[in-house]
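Inspection log for the structure reproduced underneath, given as structure tokens.
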Amino acid sequence: GDHRDLHYPLRRQRQMCIRDSMETEYDPFLFNKSLGSYSDVEIPEGRIVLLFIMEQTPQYVFLEDLENIPAEKNFFERVRNNSHVYTNFYTSNQDSRTALWALFNSQFIPFESYTSDWNKRYGVVTDGTNLIEFFKSKNYATYIVCSVYDVGLLLGIYDWDNLIFLESFDENNREFLCVHNFEYQKGCEDMIFMNDLKNTILENKDGDIFLVQEFIFGHGTVYMDTLGKSRTEYYNDYLFELYTFLENEGLTDKTTIIIISDHGNKGYLEKELRDYQIPLVVVDSEIEHLEIDTLYSQIDFKDILISYMTDHEFKPNPFVIFMGQTASSDFGYIDAQNNYFLGNLRSDYCLLYTSPSPRDRTRSRMPSSA
């Protein structure tokens with residue numbers, strides 16, 4: 001089908017790829033998680049929780065770019081002693097909308113969405129409980145910051161207390177880069193809202209605030225080409241300035257900062273596993289540096305976040321399912337033992353890997369008539 005819904009019957013080619021990769025006892029539609037178990041969980045009062053979502057930043061690119069940033073200007077080096085770095089974290093979806101819906105709803109989204117029609121057909125997936133509702137139920141004020149002219153389908157579907165977005169759009173803005181390079185999006189670089197973000201934090205400095213900023217810089221190469229910065233470099237500069245502000249205001253001890261990417265590499269190429277692996281970094285004055293290599297995905301994100309605010313323990317999913325990007329037919333799977341497969345329904349591409357030895361990796365091209 002045009003929407004490549006995973007509920008459609010599997011083509012035999014995909015059946016062969018999955019069968020030849022590994023056998024699994026898991027039903028892929030039983031690993032979604034509900035917020036219901038958290039209804040009675042109490043979270044601390046007076047906390048400032050800031051979630052920053054980077055655009056299309058796979059882990060390996062993130063790490064390579066950080067090496068080019070001097071230590072004295074590197075936000076992640078600055079907060080290293082009070083950070084947890086997740087080294088085995090994956091996106092379940094490769095387009096921004098469904099990746100973020102999976103992140104907030106703890107549910108695998110088995111489709112891609114960049115149009116209202118698609119959302120009307122499948123949007124029921126987002127009707128369940130979500131992180132925004134959770135924080136609101138705990139009397140936290142919820143904010144979304146996104147430097148686009150219309151938040152629309154991306155995050156506007158949620159019942160935020162406050163939405164901060166562009167109320168007008170000037171492509172000739174002399175202070176900040178603003179572009180209209182996609183039919184569905186008019187946006188400006190994220191620095192345009194830095195002062196608004198600082199003022200919002202000051203207005204809520206007593207805490208009980210959950211604020212999310214979805215970075216727009218990097219939605220198209222025009223941002224990097226014009227300003228001469230990679231996505232990681234730009235986000236680093238943004239976070240460095242914000243953290244200086246938090247320090248000057250004496251707010252770092254009551255603030256938890258989470259940095260994550262929405263998804264990994266797009267592009268119509270044969271994907272590698274690293275194209276789905278994304279950064280997740282948690283910064284909090286009460287934690288010490290730790291690198292965590294447990295397998296996690298966006299489906300586990302709300303558990304991870306809440307675990308930093310409570311003593312609640314949770315069991316991560318034993319596997320991750322991948323869904324492709326817009327106009328693609330990518331799919332895949334990885335389990336906690338690092339067995340994985342990647343494939344594409346429109347080609348005979350199928351990459352198989354069985355742990356423990358990389359030498360076990362095989363790339364098989366099956367006849368398209370299979």
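Labels used: A, B, ... for chains in the order of the structure tokens, numbers from 1 for residues in each chain, and numbers from 1 for ligands as shown.
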**OP:** Using DSSP on the backbone, list every residue of range 86-320 of chain A that comes out as strand (DSSP E), and give them as an MDAnalysis selection string.
**Re:** chainID A and resid 86 89:90 141:146 162:165 178:182 185:188 209:214 255:261 280:284 290:292 296:297 319:320
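Shell of Thr226 in chain A at 12 Å, with only C-alpha atoms counted and residues fewer than 5 places along the chain excluded, is A:Phe176, A:Leu177, A:Cys178, A:Val179, A:Glu189, A:Phe217, A:Gly218, A:Gly220, A:Thr221.
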Quick one: write out the picked residues with N, CA, C and O atoms as a PDB file, in the first residue's frame?
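And here's out.pdb as it stands now:
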ATOM      1  N   PHE A 176      18.253  36.748  12.112  1.00  0.00           N
ATOM      2  CA  PHE A 176      18.239  35.294  12.195  1.00  0.00           C
ATOM      3  C   PHE A 176      17.902  34.698  10.833  1.00  0.00           C
ATOM      4  O   PHE A 176      17.127  35.276  10.067  1.00  0.00           O
ATOM      5  N   LEU A 177      18.484  33.539  10.576  1.00  0.00           N
ATOM      6  CA  LEU A 177      18.237  32.849   9.316  1.00  0.00           C
ATOM      7  C   LEU A 177      16.835  32.246   9.319  1.00  0.00           C
ATOM      8  O   LEU A 177      16.495  31.441  10.189  1.00  0.00           O
ATOM      9  N   CYS A 178      16.014  32.635   8.364  1.00  0.00           N
ATOM     10  CA  CYS A 178      14.670  32.092   8.212  1.00  0.00           C
ATOM     11  C   CYS A 178      14.514  31.568   6.788  1.00  0.00           C
ATOM     12  O   CYS A 178      14.895  32.260   5.833  1.00  0.00           O
ATOM     13  N   VAL A 179      13.967  30.380   6.650  1.00  0.00           N
ATOM     14  CA  VAL A 179      13.895  29.761   5.331  1.00  0.00           C
ATOM     15  C   VAL A 179      12.529  29.119   5.119  1.00  0.00           C
ATOM     16  O   VAL A 179      11.838  28.728   6.064  1.00  0.00           O
ATOM     17  N   GLU A 189      16.024  29.746  12.401  1.00  0.00           N
ATOM     18  CA  GLU A 189      16.972  29.094  13.292  1.00  0.00           C
ATOM     19  C   GLU A 189      16.525  29.280  14.743  1.00  0.00           C
ATOM     20  O   GLU A 189      15.829  30.236  15.102  1.00  0.00           O
ATOM     21  N   PHE A 217      16.833  24.220  13.286  1.00  0.00           N
ATOM     22  CA  PHE A 217      18.082  24.271  12.534  1.00  0.00           C
ATOM     23  C   PHE A 217      18.431  22.863  12.041  1.00  0.00           C
ATOM     24  O   PHE A 217      18.444  21.911  12.811  1.00  0.00           O
ATOM     25  N   GLY A 218      18.694  22.756  10.759  1.00  0.00           N
ATOM     26  CA  GLY A 218      19.027  21.449  10.199  1.00  0.00           C
ATOM     27  C   GLY A 218      17.896  20.794   9.448  1.00  0.00           C
ATOM     28  O   GLY A 218      18.085  19.734   8.839  1.00  0.00           O
ATOM     29  N   GLY A 220      16.794  20.703   6.557  1.00  0.00           N
ATOM     30  CA  GLY A 220      17.252  21.099   5.230  1.00  0.00           C
ATOM     31  C   GLY A 220      18.683  21.607   5.309  1.00  0.00           C
ATOM     32  O   GLY A 220      19.083  22.246   6.287  1.00  0.00           O
ATOM     33  N   THR A 221      19.465  21.345   4.281  1.00  0.00           N
ATOM     34  CA  THR A 221      20.890  21.682   4.296  1.00  0.00           C
ATOM     35  C   THR A 221      21.149  23.176   4.195  1.00  0.00           C
ATOM     36  O   THR A 221      22.273  23.619   4.458  1.00  0.00           O
TER      37      THR A 221
END
**OP:** Point out the residue among A:Met309, A:Ser261, A:His289, A:Phe301 with the least atom-to-atom distance to Arg80 in chain A, counting only C-alpha atoms.
**Re:**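 Distance minimum relative to Arg80 in chain A lands on A:His289.
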**OP:** Find the residues around Glu64 in chain A up to 12 Å (only C-alpha atoms counted), leave out those fewer than 6 positions away in its own chain, and share them as a list in words.
**Re:**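 My list of contacting residues is Thr57, Pro58, Ser230, Arg231, Thr232 and Glu233 of chain A.
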Keeping N, CA and C atoms for every residue in the selection just given, could you write it to a file as a compact mmCIF listing (two decimals), in the first residue's frame?
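Saved the output as selection06.txt:
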# COMPACT_ATOMS: atom_id res chain seq x y z
N THR A 57 20.14 13.56 13.73
CA THR A 57 21.52 13.52 14.22
C THR A 57 21.84 12.11 14.71
N PRO A 58 22.35 11.25 13.84
CA PRO A 58 22.74 9.91 14.31
C PRO A 58 23.92 10.00 15.27
N SER A 230 27.70 22.63 11.43
CA SER A 230 26.96 21.38 11.41
C SER A 230 25.81 21.48 12.40
N ARG A 231 24.88 20.54 12.33
CA ARG A 231 23.79 20.52 13.30
C ARG A 231 24.35 20.47 14.72
N THR A 232 25.26 19.54 14.97
CA THR A 232 25.80 19.36 16.32
C THR A 232 26.48 20.63 16.81
N GLU A 233 27.23 21.29 15.95
CA GLU A 233 27.91 22.53 16.36
C GLU A 233 26.91 23.60 16.75
Original post:
Could you pull the residues within 12 Å of Phe182 in chain A, counting only C-alpha atoms, minus those fewer than 5 positions along the same chain, as a ChimeraX atom specification?
Top reply: /A:114,148,187,219-222
Original post:
Residues at most 10 Å from Lys186 in chain A, counting only C-alpha atoms, excluding those fewer than 3 positions away in the same chain, as number ranges by chain?
Top reply: A: 147-151, 166, 168-171, 178-183, 216
**OP:** List the neighbours of range 333-337 of chain A out to 7 Å using only C-alpha atoms; skip same-chain residues closer than 4 positions along the sequence, and give me the result as a list in words.
**Re:**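 My reading of the contact set: Leu295, Pro318, Phe319, Val320, Ile321, Phe322, Phe341, Leu342 and Ser355 of chain A.
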